[in-house]
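Asks: This one is data-v3.txt, compact mmCIF, C-alpha atoms.
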# COMPACT_ATOMS: atom_id res chain seq x y z
CA MET A 10 0.89 19.19 -64.45
CA ILE A 11 -0.47 17.58 -61.29
CA LEU A 12 -3.37 19.94 -60.78
CA ASN A 13 -6.06 20.88 -63.26
CA THR A 14 -5.97 24.27 -64.95
CA PRO A 15 -8.98 26.00 -66.54
CA ASN A 16 -7.98 24.46 -69.87
CA ARG A 17 -6.20 21.21 -69.01
CA TYR A 18 -6.72 18.16 -66.86
CA GLY A 19 -3.85 17.43 -64.47
CA LEU A 20 -2.05 14.12 -64.05
CA VAL A 21 -4.10 13.03 -61.03
CA ALA A 22 -7.47 13.70 -62.68
CA ILE A 23 -6.35 11.83 -65.82
CA ALA A 24 -5.05 8.86 -63.83
CA LEU A 25 -8.27 8.68 -61.79
CA HIS A 26 -10.39 8.94 -64.95
CA TRP A 27 -8.70 6.04 -66.74
CA LEU A 28 -8.40 3.91 -63.63
CA MET A 29 -12.15 4.18 -63.17
CA ALA A 30 -12.80 3.65 -66.89
CA LEU A 31 -10.85 0.40 -66.69
CA GLY A 32 -12.63 -0.56 -63.48
CA VAL A 33 -16.13 0.23 -64.72
CA ILE A 34 -15.74 -1.54 -68.07
CA GLY A 35 -14.03 -4.52 -66.45
CA MET A 36 -16.66 -4.80 -63.73
CA PHE A 37 -19.48 -4.66 -66.28
CA GLY A 38 -17.96 -7.49 -68.30
CA LEU A 39 -17.13 -9.52 -65.20
CA GLY A 40 -20.64 -9.01 -63.85
CA LEU A 41 -22.27 -10.24 -67.04
CA TYR A 42 -19.91 -13.20 -67.19
CA MET A 43 -20.07 -14.32 -63.58
CA VAL A 44 -23.86 -14.55 -63.34
CA GLU A 45 -23.77 -17.12 -66.13
CA LEU A 46 -21.35 -19.41 -64.26
CA THR A 47 -22.85 -22.53 -62.75
CA TYR A 48 -22.15 -24.07 -59.41
CA TYR A 49 -19.42 -26.46 -60.50
CA ASP A 50 -17.45 -23.88 -62.49
CA ASN A 51 -14.00 -23.18 -61.12
CA TRP A 52 -14.56 -19.49 -60.71
CA TYR A 53 -18.16 -19.62 -59.44
CA HIS A 54 -17.21 -18.33 -56.00
CA GLY A 55 -13.97 -16.57 -56.94
CA SER A 56 -15.53 -14.33 -59.60
CA LEU A 57 -18.02 -12.90 -57.13
CA GLU A 58 -15.42 -12.46 -54.40
CA PHE A 59 -13.22 -10.62 -56.90
CA HIS A 60 -16.14 -8.50 -58.17
CA LYS A 61 -17.05 -7.43 -54.64
CA ALA A 62 -13.47 -6.65 -53.58
CA VAL A 63 -12.77 -4.63 -56.73
CA GLY A 64 -16.13 -2.89 -56.24
CA VAL A 65 -15.09 -1.68 -52.79
CA LEU A 66 -11.71 -0.49 -54.08
CA LEU A 67 -13.39 1.25 -56.99
CA ALA A 68 -15.74 3.00 -54.55
CA LEU A 69 -12.69 4.28 -52.66
CA VAL A 70 -11.12 5.54 -55.88
CA PHE A 71 -14.48 7.14 -56.68
CA LEU A 72 -14.48 8.99 -53.35
CA ALA A 73 -10.90 10.14 -53.91
CA ARG A 74 -11.92 11.36 -57.35
CA LEU A 75 -14.89 13.34 -55.99
CA ILE A 76 -12.67 14.96 -53.37
CA TRP A 77 -10.01 15.73 -55.97
CA ARG A 78 -12.65 17.25 -58.21
CA GLN A 79 -13.84 19.49 -55.37
CA LEU A 80 -10.30 20.65 -54.59
CA ASN A 81 -9.53 21.45 -58.20
CA THR A 82 -10.75 23.66 -60.99
CA VAL A 83 -12.83 21.76 -63.52
CA PRO A 84 -11.60 22.58 -67.04
CA THR A 85 -14.25 24.24 -69.15
CA GLY A 86 -15.88 22.34 -72.00
CA LEU A 87 -14.56 22.84 -75.52
CA ALA A 88 -17.81 22.68 -77.47
CA ASP A 89 -18.91 25.76 -79.42
CA LYS A 90 -22.44 25.59 -78.25
CA ALA A 91 -23.21 26.24 -74.59
CA ILE A 92 -25.88 23.56 -74.65
CA ALA A 93 -23.33 20.91 -75.70
CA ASN A 94 -21.06 21.86 -72.81
CA LYS A 95 -24.02 21.77 -70.50
CA ALA A 96 -25.04 18.31 -71.79
CA ALA A 97 -21.51 17.02 -71.23
CA HIS A 98 -21.54 18.44 -67.73
CA TRP A 99 -24.87 16.79 -66.89
CA MET A 100 -23.60 13.53 -68.34
CA HIS A 101 -20.56 13.71 -66.04
CA LEU A 102 -22.80 14.28 -63.02
CA GLY A 103 -25.06 11.45 -64.18
CA LEU A 104 -22.09 9.10 -64.47
CA TYR A 105 -21.04 9.96 -60.92
CA LEU A 106 -24.56 9.46 -59.59
CA VAL A 107 -25.11 6.10 -61.29
CA MET A 108 -21.68 4.87 -60.20
CA ALA A 109 -22.43 5.84 -56.59
CA ALA A 110 -25.78 4.04 -56.74
CA LEU A 111 -24.05 0.97 -58.22
CA PHE A 112 -21.62 0.81 -55.31
CA VAL A 113 -24.43 1.09 -52.78
CA SER A 114 -26.75 -1.42 -54.46
CA GLY A 115 -23.96 -3.96 -54.93
CA TYR A 116 -22.99 -3.62 -51.29
CA LEU A 117 -26.62 -4.10 -50.22
CA ILE A 118 -26.91 -7.40 -52.13
CA SER A 119 -23.97 -9.06 -50.47
CA THR A 120 -24.50 -7.69 -46.99
CA ALA A 121 -28.25 -8.45 -46.85
CA ASP A 122 -27.62 -11.41 -44.55
CA GLY A 123 -25.27 -9.47 -42.27
CA ARG A 124 -22.07 -10.79 -43.82
CA ALA A 125 -19.30 -8.29 -44.40
CA VAL A 126 -17.63 -7.70 -47.77
CA ASP A 127 -14.06 -8.91 -47.66
CA VAL A 128 -11.51 -7.02 -49.73
CA PHE A 129 -8.74 -9.46 -50.68
CA GLY A 130 -8.23 -10.30 -47.02
CA LEU A 131 -6.93 -6.77 -46.37
CA PHE A 132 -9.99 -5.37 -44.66
CA SER A 133 -13.72 -5.85 -44.75
CA VAL A 134 -16.74 -3.57 -45.00
CA PRO A 135 -19.38 -4.50 -42.40
CA ALA A 136 -23.08 -4.84 -43.16
CA THR A 137 -25.51 -2.09 -42.18
CA LEU A 138 -29.01 -2.68 -43.59
CA THR A 139 -29.91 -6.36 -43.33
CA ASP A 140 -33.46 -6.94 -44.47
CA ARG A 141 -32.89 -10.50 -45.55
CA GLY A 142 -35.20 -11.97 -48.14
CA SER A 143 -36.20 -8.91 -50.10
CA GLN A 144 -33.11 -6.71 -49.82
CA GLU A 145 -30.80 -8.85 -51.95
CA GLU A 146 -33.54 -9.21 -54.58
CA ILE A 147 -34.45 -5.51 -54.83
CA ALA A 148 -30.85 -4.35 -54.62
CA GLY A 149 -29.96 -7.00 -57.20
CA GLN A 150 -32.55 -5.79 -59.70
CA ILE A 151 -31.49 -2.18 -59.20
CA HIS A 152 -27.81 -3.13 -59.52
CA GLU A 153 -28.42 -4.85 -62.86
CA LEU A 154 -30.56 -2.00 -64.19
CA LEU A 155 -27.95 0.57 -63.15
CA ALA A 156 -25.15 -1.49 -64.69
CA TRP A 157 -26.87 -1.43 -68.08
CA SER A 158 -27.67 2.28 -67.69
CA LEU A 159 -24.05 3.03 -66.89
CA ALA A 160 -22.90 0.98 -69.88
CA GLY A 161 -25.17 3.06 -72.12
CA MET A 162 -24.01 6.33 -70.58
CA VAL A 163 -20.35 5.34 -70.88
CA ALA A 164 -20.94 4.55 -74.56
CA LEU A 165 -22.52 7.97 -75.13
CA HIS A 166 -19.74 9.67 -73.17
CA ALA A 167 -17.08 7.87 -75.28
CA LEU A 168 -18.91 8.57 -78.55
CA ALA A 169 -19.14 12.25 -77.65
CA ALA A 170 -15.39 12.33 -76.97
CA LEU A 171 -14.69 10.63 -80.31
CA LYS A 172 -17.02 13.05 -82.07
CA HIS A 173 -15.03 15.95 -80.65
CA HIS A 174 -11.80 14.31 -81.77
CA VAL A 175 -12.80 13.22 -85.27
CA ILE A 176 -15.45 15.72 -86.34
CA ASN A 177 -14.76 18.87 -84.33
CA LYS A 178 -11.02 18.10 -84.27
CA ASP A 179 -10.63 19.77 -80.89
CA ASN A 180 -8.63 18.87 -77.78
CA THR A 181 -11.39 17.17 -75.79
CA LEU A 182 -10.03 13.64 -76.07
CA LYS A 183 -6.34 14.59 -76.22
CA ARG A 184 -6.44 16.58 -73.02
CA MET A 185 -7.75 13.51 -71.18
CA LEU A 186 -4.77 11.53 -72.49
CA ARG A 187 -1.96 13.98 -71.74
CA PRO A 188 -1.71 16.53 -68.92
CA MET B 4 -82.38 -9.60 -45.88
CA LYS B 5 -84.19 -12.90 -46.42
CA LYS B 6 -81.64 -13.84 -49.07
CA LEU B 7 -78.84 -13.03 -46.69
CA LEU B 8 -80.38 -15.18 -43.97
CA ILE B 9 -80.77 -18.06 -46.39
CA ALA B 10 -77.20 -17.65 -47.54
CA LEU B 11 -76.01 -17.59 -43.94
CA SER B 12 -77.94 -20.70 -42.96
CA VAL B 13 -76.76 -22.53 -46.08
CA SER B 14 -73.14 -21.67 -45.40
CA ALA B 15 -73.56 -22.56 -41.73
CA ALA B 16 -74.94 -25.94 -42.80
CA ALA B 17 -72.02 -26.38 -45.18
CA MET B 18 -69.59 -25.58 -42.38
CA THR B 19 -71.24 -28.05 -40.03
CA ALA B 20 -70.96 -30.68 -42.75
CA THR B 21 -67.18 -30.22 -43.00
CA VAL B 22 -66.74 -30.27 -39.25
CA ALA B 23 -68.73 -33.50 -39.01
CA ASN B 24 -66.41 -35.09 -41.57
CA ALA B 25 -63.15 -34.44 -39.72
CA ALA B 26 -61.86 -31.68 -37.53
CA GLU B 27 -60.23 -28.90 -39.46
CA TYR B 28 -56.85 -27.63 -38.40
CA ILE B 29 -55.00 -24.54 -39.50
CA VAL B 30 -51.25 -24.93 -39.69
CA ASP B 31 -49.74 -22.69 -37.02
CA THR B 32 -47.46 -20.62 -39.20
CA LYS B 33 -48.45 -17.53 -37.23
CA GLY B 34 -46.83 -18.91 -34.09
CA ALA B 35 -44.13 -20.57 -36.22
CA HIS B 36 -44.82 -24.06 -34.94
CA ALA B 37 -44.33 -25.42 -38.41
CA SER B 38 -41.52 -25.48 -40.90
CA ILE B 39 -40.69 -26.66 -44.38
CA GLN B 40 -37.05 -27.54 -44.60
CA PHE B 41 -34.85 -28.81 -47.35
CA LYS B 42 -31.61 -30.67 -47.16
CA VAL B 43 -29.16 -31.31 -49.95
CA LYS B 44 -25.67 -32.76 -50.01
CA HIS B 45 -22.94 -30.23 -50.63
CA LEU B 46 -20.48 -31.80 -53.06
CA GLY B 47 -21.32 -35.14 -51.47
CA TYR B 48 -19.26 -34.14 -48.44
CA SER B 49 -21.77 -32.55 -46.10
CA TRP B 50 -25.41 -31.50 -45.64
CA LEU B 51 -26.68 -28.08 -46.51
CA THR B 52 -30.02 -27.21 -44.94
CA GLY B 53 -32.45 -24.40 -45.56
CA ARG B 54 -36.13 -23.70 -45.40
CA PHE B 55 -39.06 -21.82 -46.84
CA ASN B 56 -40.01 -19.14 -44.36
CA THR B 57 -43.47 -18.30 -45.69
CA PHE B 58 -46.21 -20.83 -46.26
CA GLU B 59 -49.73 -21.59 -45.14
CA GLY B 60 -51.90 -24.61 -44.91
CA ASN B 61 -54.70 -26.49 -43.32
CA PHE B 62 -55.60 -30.11 -42.80
CA ASP B 63 -58.46 -32.32 -41.77
CA TRP B 64 -57.58 -34.91 -39.19
CA ASP B 65 -59.56 -37.24 -36.99
CA LYS B 66 -57.63 -39.98 -35.22
CA THR B 67 -60.70 -42.22 -35.28
CA LYS B 68 -61.04 -41.80 -39.05
CA PRO B 69 -57.46 -41.35 -40.34
CA ALA B 70 -58.44 -42.37 -43.87
CA ASN B 71 -60.33 -39.07 -44.15
CA THR B 72 -57.14 -37.08 -43.70
CA GLU B 73 -56.69 -34.19 -46.11
CA ILE B 74 -54.05 -31.51 -46.29
CA GLU B 75 -53.23 -28.53 -48.43
CA ILE B 76 -50.06 -26.45 -48.19
CA LYS B 77 -49.05 -23.37 -50.18
CA ILE B 78 -45.43 -22.22 -50.16
CA ASP B 79 -44.08 -18.81 -51.11
CA THR B 80 -41.03 -19.93 -53.10
CA ALA B 81 -39.28 -16.56 -52.82
CA SER B 82 -39.12 -17.05 -49.06
CA ILE B 83 -36.34 -19.61 -49.50
CA ASP B 84 -33.71 -19.12 -46.84
CA SER B 85 -30.41 -20.96 -46.67
CA ASN B 86 -28.91 -18.33 -44.38
CA HIS B 87 -26.88 -16.80 -47.23
CA ALA B 88 -28.30 -13.87 -49.22
CA GLU B 89 -26.13 -14.41 -52.31
CA ARG B 90 -27.00 -18.10 -52.49
CA ASP B 91 -30.71 -17.43 -51.88
CA LYS B 92 -30.67 -14.85 -54.68
CA HIS B 93 -29.19 -17.48 -57.01
CA LEU B 94 -31.74 -20.06 -55.85
CA ARG B 95 -34.59 -17.64 -56.67
CA SER B 96 -33.20 -16.97 -60.14
CA LYS B 97 -33.97 -18.69 -63.44
CA ASP B 98 -31.23 -21.24 -62.75
CA PHE B 99 -33.38 -22.74 -60.02
CA LEU B 100 -36.77 -21.70 -58.65
CA SER B 101 -37.64 -18.85 -61.07
CA THR B 102 -39.68 -17.30 -58.29
CA ASP B 103 -40.88 -14.42 -60.50
CA GLN B 104 -42.54 -16.91 -62.79
CA TYR B 105 -43.52 -19.50 -60.17
CA PRO B 106 -44.09 -17.63 -56.91
CA THR B 107 -46.07 -20.44 -55.30
CA ALA B 108 -45.50 -24.13 -54.78
CA SER B 109 -48.32 -26.24 -53.41
CA PHE B 110 -49.19 -29.67 -52.16
CA LYS B 111 -52.76 -30.94 -52.14
CA SER B 112 -53.45 -34.40 -50.82
CA THR B 113 -55.37 -36.94 -52.85
CA GLY B 114 -55.29 -39.80 -50.39
CA TYR B 115 -54.05 -41.09 -47.08
CA LYS B 116 -53.39 -44.71 -46.24
CA PRO B 117 -52.98 -45.42 -42.53
CA THR B 118 -50.13 -47.84 -41.88
CA GLY B 119 -50.21 -47.92 -38.08
CA ALA B 120 -51.07 -45.86 -35.03
CA GLY B 121 -50.42 -42.29 -36.12
CA THR B 122 -48.48 -43.26 -39.22
CA GLY B 123 -49.52 -43.36 -42.83
CA GLU B 124 -48.69 -42.84 -46.47
CA LEU B 125 -49.78 -39.47 -47.76
CA SER B 126 -50.39 -39.06 -51.48
CA GLY B 127 -50.99 -35.83 -53.29
CA ASP B 128 -50.20 -33.47 -56.12
CA PHE B 129 -47.05 -31.47 -55.62
CA ASN B 130 -46.86 -28.39 -57.80
CA PHE B 131 -43.33 -27.03 -57.88
CA HIS B 132 -41.66 -24.82 -60.51
CA GLY B 133 -44.75 -25.11 -62.71
CA VAL B 134 -44.64 -28.91 -62.74
CA THR B 135 -47.28 -31.00 -60.98
CA LYS B 136 -46.38 -34.52 -59.90
CA SER B 137 -48.21 -37.08 -57.83
CA ILE B 138 -46.05 -38.05 -54.91
CA THR B 139 -46.50 -40.38 -51.95
CA PHE B 140 -44.47 -40.20 -48.80
CA PRO B 141 -44.64 -41.47 -45.22
CA VAL B 142 -45.91 -39.20 -42.47
CA SER B 143 -46.21 -39.74 -38.77
CA GLN B 144 -48.02 -38.05 -36.00
CA VAL B 145 -45.94 -36.54 -33.25
CA GLY B 146 -48.83 -35.96 -30.88
CA GLU B 147 -52.09 -34.18 -30.25
CA GLY B 148 -54.01 -32.75 -27.33
CA ASP B 149 -55.07 -29.64 -25.46
CA ASP B 150 -52.65 -26.74 -25.34
CA PRO B 151 -52.26 -24.59 -22.19
CA TRP B 152 -54.09 -21.65 -23.80
CA GLY B 153 -57.51 -23.17 -24.42
CA GLY B 154 -56.92 -24.66 -27.85
CA TYR B 155 -56.37 -28.10 -29.28
CA ARG B 156 -53.37 -29.00 -31.42
CA ALA B 157 -52.07 -31.88 -33.49
CA GLY B 158 -48.60 -32.21 -35.03
CA PHE B 159 -47.09 -34.30 -37.78
CA SER B 160 -43.88 -34.75 -39.64
CA GLY B 161 -43.16 -36.16 -43.04
CA SER B 162 -40.40 -36.16 -45.58
CA THR B 163 -39.80 -36.99 -49.19
CA THR B 164 -36.96 -36.77 -51.66
CA ILE B 165 -37.17 -35.07 -55.02
CA MET B 166 -34.82 -34.54 -57.93
CA LEU B 167 -34.68 -30.99 -59.26
CA LYS B 168 -34.63 -32.22 -62.86
CA ASP B 169 -38.04 -33.85 -62.32
CA TYR B 170 -39.34 -30.32 -61.77
CA LYS B 171 -37.60 -28.88 -64.81
CA MET B 172 -34.60 -27.53 -62.94
CA ASP B 173 -32.11 -29.16 -65.25
CA GLY B 174 -28.90 -27.39 -64.31
CA PRO B 175 -25.77 -29.15 -63.06
CA LEU B 176 -27.55 -29.76 -59.76
CA GLY B 177 -30.55 -31.44 -61.43
CA ASN B 178 -29.37 -34.91 -60.50
CA LEU B 179 -28.90 -34.19 -56.82
CA PRO B 180 -31.53 -35.63 -54.50
CA VAL B 181 -33.12 -32.92 -52.37
CA ASP B 182 -34.84 -33.94 -49.16
CA LEU B 183 -37.96 -31.99 -48.25
CA GLU B 184 -39.03 -32.18 -44.64
CA LEU B 185 -42.36 -31.00 -43.37
CA TYR B 186 -43.00 -30.34 -39.70
CA ILE B 187 -46.45 -29.03 -38.97
CA GLU B 188 -48.56 -28.24 -36.00
CA GLY B 189 -52.21 -27.47 -36.57
CA ILE B 190 -54.63 -25.65 -34.32
CA ARG B 191 -58.10 -27.17 -34.37
CA GLN B 192 -60.74 -24.71 -35.51
Go ahead and express the file in the form of structure tokens.
Replies:
Amino acid sequence: MILNTPNRYGLVAIALHWLMALGVIGMFGLGLYMVELTYYDNWYHGSLEFHKAVGVLLALVFLARLIWRQLNTVPTGLADKAIANKAAHWMHLGLYLVMAALFVSGYLISTADGRAVDVFGLFSVPATLTDRGSQEEIAGQIHELLAWSLAGMVALHALAALKHHVINKDNTLKRMLRP
Amino acid sequence: MKKLLIALSVSAAAMTATVANAAEYIVDTKGAHASIQFKVKHLGYSWLTGRFNTFEGNFDWDKTKPANTEIEIKIDTASIDSNHAERDKHLRSKDFLSTDQYPTASFKSTGYKPTGAGTGELSGDFNFHGVTKSITFPVSQVGEGDDPWGGYRAGFSGSTTIMLKDYKMDGPLGNLPVDLELYIEGIRQ
């Protein structure tokens, strides 16, 4: 129930999956919204502070998820064709990679001037690379590009799950909902 | 070879002509004895200051013929620095400077009216955010003379106030006056 088996996802993997799904979708929407706010809007500063703090927490959940994945068996894909299982597998790796790059690029924007990222006043992540002037611009462009890429990949990932559920009528989606 | 010699002598003559008009100075951005600062009120409660880190310029100045003063300055708008990466990123964006579209701002003088010893009214075309406006503002000389390293320097300061909306930055901050302050030291060529 807690751990994965060769056929099922365990409780922890499922919880981590949906927590990150919520985080990723929420952060994408928040990101798009907050860059449109103008200086005198109530949440001009707050939205960014929240986005950064949640980003750090999400990165920690991401690390926990990677470790959990390493410690566990990964259930095998349910598609009939090997190539479909392989595609799903590569998509999963791609999602991990793009998420990791999003965390790093976001961190590099806000820490470009040496300021730390504060996480709800609980702790802060200090700056490392501080090439002020170009760093926040380059990291910013990469962050935006990656955000849109991740949104597209998440859509494909979700569509593939729905396709399995509706067309193939297999357990792919259900086993991510119930251990 | 002959053509080259002619070209050289012609350009040498042209150079002599400029020098005879007024001494040419290059703004000492290399040694960072010049700065372009801006100052804007934050919420009406305090001053926020920042600067453009990268610019270049030169001017013609002769204290015996101040009316011949000329100056040209080019500013790399993306070099804006208010000591806050997130704010600078927003300032470079389409909401403000649109530095991708307008990477350079420039000022080219069109006239100088001396108003006293080392003071005057400088007029010129200020190109900023794709908009060119004729502006006039007071400048004053700080000093001039030999430097300890074999050169000759002259320094000035001047300031003017602009409104962002006059330069097509119409956002909620368009109506805020922004002070631009120029501090330059030139090395005579």
Asks: Near chain B, which residues of chain A fall within 9 Å when you count only C-alpha atoms, and what do they look like as a ChimeraX atom specification?
Replies: /A:44,47-49,118-124,141-146,149
Asks: Taking (-16.2, 7.7, -55.7) in the file's coordinates as the center, which residues reach within 10 Å of it, counting only C-alpha atoms, put as a VMD selection string?
Replies: chain A and resid 29 65 to 76 105 to 106 108 to 109 112
Asks: So that I can check the surroundings of Lys111 in chain B, please list as an MDAnalysis selection string every protein, DNA and RNA residue that reaches within 7 Å of it, counting all atoms listed in the file and ignoring chain neighbours fewer than 5 positions away.
Replies: chainID B and resid 74:76 127:129
Asks: Give the answer as one residue: which of A:Leu155, A:Leu165, A:Ala96, A:Val83 has the shortest atom-to-atom distance to Ala22 in chain A, using only C-alpha atoms?
Replies: A:Val83
Asks: By how many Å are CA of Ala37 in chain B and CA of Asn178 in chain B apart?
Replies: 28.3 Å
Asks: Expressed in Å to a single decimal, how great is the separation between CA of Ile39 in chain B and CA of Leu183 in chain B?
Replies: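 The value is 7.1 Å.
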Asks: CA of His98 in chain A to CA of His60 in chain A: how many Å, to one decimal?
Replies: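 So the answer is 29.1 Å.
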Asks: Just want the 7 Å neighbourhood of range 138-149 of chain B, counted on all atoms listed in the file, with same-chain residues fewer than 5 positions away dropped. Output as a list in words.
Replies: Gly121, Thr122, Gly123, Glu124, Leu125, Ser126, Gly127, Asp128, Phe129, Gly154, Tyr155, Arg156, Ala157, Gly158, Phe159, Ser160, Gly161, Ser162 and Thr163 of chain B
Asks: Under the rule that all atoms listed in the file are counted, which of A:Gly115, A:Pro188, A:Gly55, A:Gly32 is the nearest residue to Thr14 in chain A?
Replies: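 Closest to Thr14 in chain A of all the choices is A:Pro188.
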Asks: Would you please work out which residue, of A:Leu80, A:Ile11, A:Val107, A:Ala125, is nearest to Glu58 in chain A when using all atoms listed in the file?
Replies: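 Comparing A:Leu80, A:Ile11, A:Val107, A:Ala125 against Glu58 in chain A, the winner is A:Ala125.
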Asks: Please, what is the axis-aligned box for every listed atom of range 104-121 of chain B with 3 Å on each side, as centre and edge lengths in Å to one decimal, as JSON?
Replies:
{"center_x": -49.0, "center_y": -32.4, "center_z": -48.9, "size_x": 18.8, "size_y": 37.0, "size_z": 33.8}
Asks: For Val163 in chain A, please output as a ChimeraX atom specification all residues within 12 Å (counting only C-alpha atoms; exclusion window: fewer than 6 positions along the same chain).
Replies: /A:29-31,33-34,37,97,100-101,103-105,107-108,155-157,169-170
Asks: Looking at A:Asn81, A:Gln150, A:Thr181, A:Ser56, which one is nearest to Leu20 in chain A, with distances taken over all atoms listed in the file?
Replies: A:Asn81
Asks: List as JSON, numbers by chain the residues having at least one atom at most 8 Å from position (-32.3, -21.9, -42.9) as given in the file, counting all atoms listed in the file.
Replies: {"B": [40, 52, 53, 54, 55, 84, 85, 86]}
Asks: Would you mind telling me which residue in B:Phe41, B:Tyr105, B:Tyr115, B:Trp50 lies nearest to Pro69 in chain B when using only C-alpha atoms?
Replies: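 The closest residue to Pro69 in chain B is B:Tyr115.
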